[in-house]
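Source file: upload_4.pdb (PDB, C-alpha atoms)
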```
ATOM      1  CA  MET A   1     -15.984  22.472  -0.694
ATOM      2  CA  PRO A   2     -12.260  23.151  -1.227
ATOM      3  CA  GLU A   3     -10.998  24.912  -4.351
ATOM      4  CA  LYS A   4     -11.443  22.991  -7.580
ATOM      5  CA  ASP A   5      -8.911  20.214  -8.017
ATOM      6  CA  ARG A   6      -7.797  18.669 -11.295
ATOM      7  CA  ALA A   7     -10.619  16.146 -11.313
ATOM      8  CA  ALA A   8     -13.249  18.871 -10.848
ATOM      9  CA  LYS A   9     -11.647  21.035 -13.541
ATOM     10  CA  ALA A  10     -11.505  18.134 -15.989
ATOM     11  CA  ALA A  11     -15.139  17.208 -15.279
ATOM     12  CA  ALA A  12     -16.233  20.825 -15.737
ATOM     13  CA  SER A  13     -14.426  20.958 -19.083
ATOM     14  CA  TRP A  14     -16.083  17.749 -20.227
ATOM     15  CA  ARG A  15     -19.485  19.066 -19.153
ATOM     16  CA  CYS A  16     -18.923  22.105 -21.399
ATOM     17  CA  GLU A  17     -17.506  20.177 -24.353
ATOM     18  CA  ARG A  18     -19.683  17.080 -24.111
ATOM     19  CA  PRO A  19     -22.799  17.810 -22.021
ATOM     20  CA  ASP A  20     -24.199  14.468 -23.181
ATOM     21  CA  LEU A  21     -21.610  12.577 -21.074
ATOM     22  CA  ASP A  22     -22.131  11.604 -17.450
ATOM     23  CA  VAL A  23     -18.722  12.431 -15.987
ATOM     24  CA  GLU A  24     -19.497  12.047 -12.279
ATOM     25  CA  ALA A  25     -17.678   8.702 -12.080
ATOM     26  CA  MET A  26     -14.744  10.139 -14.044
ATOM     27  CA  GLU A  27     -14.445  12.937 -11.482
ATOM     28  CA  ILE A  28     -14.618  10.562  -8.500
ATOM     29  CA  ILE A  29     -12.095   8.104  -9.926
ATOM     30  CA  GLY A  30      -9.796  10.931 -10.985
ATOM     31  CA  ARG A  31      -9.913  12.313  -7.453
ATOM     32  CA  LEU A  32      -9.246   8.864  -5.935
ATOM     33  CA  ASN A  33      -6.219   8.468  -8.206
ATOM     34  CA  GLU A  34      -4.876  11.912  -7.357
ATOM     35  CA  VAL A  35      -5.388  11.465  -3.614
ATOM     36  CA  SER A  36      -3.664   8.082  -3.729
ATOM     37  CA  ALA A  37      -0.677   9.490  -5.632
ATOM     38  CA  LEU A  38      -0.379  12.507  -3.312
ATOM     39  CA  ILE A  39      -0.552  10.344  -0.199
ATOM     40  CA  MET A  40       2.176   8.032  -1.459
ATOM     41  CA  ARG A  41       4.496  10.676  -2.937
ATOM     42  CA  ASP A  42       4.201  13.436  -0.336
ATOM     43  CA  HIS A  43       3.324  11.626   2.874
ATOM     44  CA  LEU A  44       4.163   7.906   2.912
ATOM     45  CA  GLN A  45       7.334   7.564   0.828
ATOM     46  CA  PRO A  46       9.208  10.208   2.856
ATOM     47  CA  GLY A  47       8.535   8.085   5.954
ATOM     48  CA  PHE A  48       9.809   4.964   4.210
ATOM     49  CA  ASP A  49      12.865   6.914   3.043
ATOM     50  CA  ARG A  50      13.795   7.533   6.697
ATOM     51  CA  PHE A  51      14.271   3.767   7.017
ATOM     52  CA  GLY A  52      15.922   3.230   3.621
ATOM     53  CA  LEU A  53      12.881   1.477   2.167
ATOM     54  CA  GLN A  54      10.715   1.733  -0.898
ATOM     55  CA  ALA A  55       6.965   1.388  -0.366
ATOM     56  CA  GLY A  56       6.900  -2.139  -1.782
ATOM     57  CA  GLU A  57       9.778  -3.268   0.412
ATOM     58  CA  PHE A  58       8.002  -1.866   3.456
ATOM     59  CA  ASP A  59       4.883  -3.775   2.369
ATOM     60  CA  VAL A  60       6.779  -7.087   2.177
ATOM     61  CA  LEU A  61       8.424  -6.611   5.578
ATOM     62  CA  ALA A  62       5.123  -5.525   7.167
ATOM     63  CA  THR A  63       3.301  -8.517   5.664
ATOM     64  CA  LEU A  64       5.884 -10.908   7.099
ATOM     65  CA  ARG A  65       5.772  -9.134  10.481
ATOM     66  CA  ARG A  66       2.001  -9.265  10.815
ATOM     67  CA  ALA A  67       2.016 -12.960   9.884
ATOM     68  CA  GLY A  68       3.223 -13.594  13.430
ATOM     69  CA  ALA A  69       6.107 -15.696  14.642
ATOM     70  CA  PRO A  70       8.079 -17.166  12.980
ATOM     71  CA  HIS A  71       7.372 -14.329  10.458
ATOM     72  CA  THR A  72       7.528 -16.709   7.513
ATOM     73  CA  LEU A  73       5.353 -16.989   4.395
ATOM     74  CA  THR A  74       5.551 -18.593   0.991
ATOM     75  CA  PRO A  75       6.351 -16.279  -1.922
ATOM     76  CA  THR A  76       2.828 -16.946  -3.255
ATOM     77  CA  ALA A  77       1.203 -15.875   0.025
ATOM     78  CA  LEU A  78       3.381 -12.763   0.012
ATOM     79  CA  TYR A  79       2.535 -11.708  -3.508
ATOM     80  CA  GLU A  80      -1.180 -12.335  -2.932
ATOM     81  CA  ALA A  81      -1.105 -10.219   0.231
ATOM     82  CA  THR A  82       0.779  -7.393  -1.474
ATOM     83  CA  MET A  83      -0.999  -7.513  -4.875
ATOM     84  CA  LEU A  84       2.231  -7.884  -6.848
ATOM     85  CA  SER A  85       3.069 -10.084  -9.779
ATOM     86  CA  SER A  86       5.275 -13.056  -9.001
ATOM     87  CA  GLY A  87       8.074 -11.469 -11.071
ATOM     88  CA  GLY A  88       7.764  -8.200  -9.165
ATOM     89  CA  MET A  89       7.830 -10.081  -5.896
ATOM     90  CA  THR A  90      10.974 -11.999  -6.890
ATOM     91  CA  ALA A  91      12.867  -8.764  -7.644
ATOM     92  CA  ARG A  92      11.730  -7.226  -4.375
ATOM     93  CA  LEU A  93      12.733 -10.320  -2.407
ATOM     94  CA  ASP A  94      16.141 -10.323  -4.112
ATOM     95  CA  ARG A  95      16.746  -6.728  -2.954
ATOM     96  CA  LEU A  96      15.586  -7.420   0.611
ATOM     97  CA  GLN A  97      17.694 -10.581   0.816
ATOM     98  CA  ALA A  98      20.777  -8.747  -0.480
ATOM     99  CA  ARG A  99      20.296  -6.258   2.375
ATOM    100  CA  GLY A 100      19.997  -9.070   4.929
ATOM    101  CA  LEU A 101      16.388  -8.207   5.833
ATOM    102  CA  ILE A 102      14.847 -11.500   4.721
ATOM    103  CA  SER A 103      16.070 -15.018   4.104
ATOM    104  CA  ARG A 104      14.813 -17.753   1.830
ATOM    105  CA  GLN A 105      14.757 -21.279   3.132
ATOM    106  CA  PRO A 106      13.435 -24.623   1.913
ATOM    107  CA  ASN A 107       9.782 -25.259   2.721
ATOM    108  CA  PRO A 108       9.652 -28.408   4.904
ATOM    109  CA  GLU A 109       6.072 -29.055   3.758
ATOM    110  CA  ASP A 110       6.829 -28.731   0.023
ATOM    111  CA  ARG A 111      10.329 -29.713  -1.023
ATOM    112  CA  ARG A 112       9.923 -27.808  -4.328
ATOM    113  CA  GLY A 113       8.983 -24.589  -2.535
ATOM    114  CA  THR A 114      10.661 -21.983  -0.389
ATOM    115  CA  LEU A 115       9.698 -19.913   2.585
ATOM    116  CA  VAL A 116      10.528 -16.257   3.032
ATOM    117  CA  ALA A 117      11.387 -15.215   6.584
ATOM    118  CA  LEU A 118      12.261 -11.976   8.316
ATOM    119  CA  THR A 119      15.808 -11.947   9.615
ATOM    120  CA  ASP A 120      16.559 -10.362  12.981
ATOM    121  CA  ALA A 121      17.642  -7.229  11.094
ATOM    122  CA  GLY A 122      14.395  -7.221   9.089
ATOM    123  CA  LEU A 123      12.311  -7.633  12.229
ATOM    124  CA  GLU A 124      14.187  -4.821  13.933
ATOM    125  CA  LEU A 125      13.733  -2.521  10.927
ATOM    126  CA  ILE A 126      10.014  -3.122  10.446
ATOM    127  CA  ASP A 127       9.364  -2.779  14.177
ATOM    128  CA  ALA A 128      11.162   0.586  14.104
ATOM    129  CA  ALA A 129       9.269   1.770  11.006
ATOM    130  CA  ILE A 130       5.711   0.603  11.701
ATOM    131  CA  GLY A 131       4.983   2.935  14.635
ATOM    132  CA  PRO A 132       5.896   6.152  12.809
ATOM    133  CA  HIS A 133       4.056   4.855   9.721
ATOM    134  CA  ALA A 134       0.834   4.217  11.664
ATOM    135  CA  GLU A 135       1.092   7.629  13.339
ATOM    136  CA  ASN A 136       1.623   9.278   9.948
ATOM    137  CA  GLU A 137      -1.457   7.614   8.455
ATOM    138  CA  THR A 138      -3.536   8.630  11.481
ATOM    139  CA  ARG A 139      -2.322  12.208  11.059
ATOM    140  CA  LEU A 140      -3.245  12.174   7.363
ATOM    141  CA  LEU A 141      -6.864  11.373   8.181
ATOM    142  CA  SER A 142      -7.105  13.515  11.316
ATOM    143  CA  THR A 143      -8.974  16.313   9.537
ATOM    144  CA  LEU A 144     -11.889  13.923   9.022
ATOM    145  CA  SER A 145     -14.258  13.267  11.896
ATOM    146  CA  ALA A 146     -14.574   9.760  13.287
ATOM    147  CA  ASP A 147     -17.918   9.427  11.494
ATOM    148  CA  ASP A 148     -16.402  10.658   8.210
ATOM    149  CA  ARG A 149     -13.530   8.163   8.508
ATOM    150  CA  ALA A 150     -15.960   5.323   9.222
ATOM    151  CA  GLN A 151     -18.137   6.332   6.273
ATOM    152  CA  LEU A 152     -15.144   6.657   3.922
ATOM    153  CA  ASN A 153     -13.810   3.284   5.067
ATOM    154  CA  HIS A 154     -17.223   1.683   4.531
ATOM    155  CA  LEU A 155     -17.720   3.217   1.078
ATOM    156  CA  LEU A 156     -14.253   2.221  -0.097
ATOM    157  CA  ALA A 157     -14.813  -1.322   1.201
ATOM    158  CA  LEU A 158     -18.116  -1.489  -0.722
ATOM    159  CA  LEU A 159     -16.453  -0.251  -3.901
ATOM    160  CA  ARG A 160     -13.574  -2.699  -3.454
ATOM    161  CA  ALA A 161     -16.015  -5.575  -2.955
ATOM    162  CA  VAL A 162     -17.811  -4.949  -6.254
ATOM    163  CA  LEU A 163     -14.562  -4.533  -8.160
TER     164      LEU A 163
END
```
Show me, as structure tokens, the structure contained in the file I just sent.
Amino acid sequence: MPEKDRAAKAAASWRCERPDLDVEAMEIIGRLNEVSALIMRDHLQPGFDRFGLQAGEFDVLATLRRAGAPHTLTPTALYEATMLSSGGMTARLDRLQARGLISRQPNPEDRRGTLVALTDAGLELIDAAIGPHAENETRLLSTLSADDRAQLNHLLALLRAVL
């Protein structure tokens, strides 16, 4: 096992101070939070920076791209796919539209609604960014064996399903 991380140190302290507490879950969740923050701060955001994007902007462009041609979704479908609030999504869409990476157009199936679409510039940017991003994520997990990655993926999916 690697040297003690913050989650292990905190759990050890709690075990000394309050041996009556079961802190195993606290240690696991603390480690998940720290790993997530480290991945984003030290490994993913620098890749997004290369393309002038914030993580959430990348997420919106990638969601539109993987929707397939014509790379168009409703704002509701976008915010559900990216787990944002509708207000957070509106601000993000405003920034992307100001940069010419997305457009908003009337929804022909719902005259009260709009559709969000990738522009040619948005499509070009996300296509340039997605390859390096996928390679970076693969590199991040490369120290785990294929079996370890499959097990981690399975366990996280199980945890996500119950939450």
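With the shown file loaded, the PyMOL selection byres ((chain A and resi 77-80) around 10) picks out A:Asp59, A:Val60, A:Leu61, A:Thr63, A:Leu64, A:Ala67, A:Thr72, A:Leu73, A:Thr74, A:Pro75, A:Thr76, A:Ala81, A:Thr82, A:Met83, A:Leu84, A:Ser85, A:Ser86, A:Gly87, A:Gly88, A:Met89, A:Thr90, A:Leu93, A:Leu115, A:Val116.
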Kindly resolve the PyMOL selection byres ((chain A and resi 9-11) around 9) on the present coordinates and return the residues as a list in words.
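Checking the PyMOL selection byres ((chain A and resi 9-11) around 9) against this file, the residues are Lys4, Asp5, Arg6, Ala7, Ala8, Ala12, Ser13, Trp14, Arg15, Cys16, Val23, Glu24, Met26, Glu27 and Gly30 of chain A.
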Sorted by chain and rising residue number, list the residues of stretch 10-95 of chain A at most 12 Å from stretch 143-157 of chain A (counting all atoms listed in the file), each with its closest atom pair and distance in Å to one decimal, as JSON lines.
```
{"residue": "A:Ile28", "atom": "CA", "partner": "A:Leu156", "partner_atom": "CA", "distance": 11.8}
{"residue": "A:Ile29", "atom": "CA", "partner": "A:Leu156", "partner_atom": "CA", "distance": 11.7}
{"residue": "A:Leu32", "atom": "CA", "partner": "A:Leu156", "partner_atom": "CA", "distance": 10.2}
```
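Between atom CA of A:Glu57 and atom CA of A:Arg160 lies a distance of 23.7 Å.
Candidate residues A:Glu135, A:Asp20, A:Asp120, A:Asp49 were compared for distance to A:Ser103, and the nearest is A:Asp120, using only C-alpha atoms.
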Take atom CA of A:Arg111 and atom CA of A:Arg95 and report the distance between them in Å, one decimal.
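That distance, rounded to one decimal, is 23.9 Å.
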Residue among A:Arg18, A:Arg112, A:His43, A:Arg92 lying closest to A:His133, counting all atoms listed in the file
A:His43
With distances taken over all atoms listed in the file, which residue among A:Leu44, A:Ala91, A:Leu96, A:Ala69 lies nearest A:Thr138?
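Among the listed residues, A:Leu44 lies closest to A:Thr138.
Between atom CA of A:Ala121 and atom CA of A:Gln105 the interatomic distance comes to 16.4 Å.
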Counting all atoms listed in the file, the residue of A:Gly52, A:Gly113, A:Pro46, A:Gly68 that sits nearest A:Leu101:
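Under the stated criterion, the closest residue is A:Gly52.
Proximity to A:Leu141 was assessed for A:Ile39, A:Asp110, A:His71, A:Arg66 counting all atoms listed in the file; the smallest distance is recorded for A:Ile39.
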As a check of understanding, name the residues that the PyMOL selection byres ((chain A and resi 128) around 12) selects in the supplied structure, as a ChimeraX atom specification.
/A:47-48,50-52,58,61-62,65,121-127,129-134
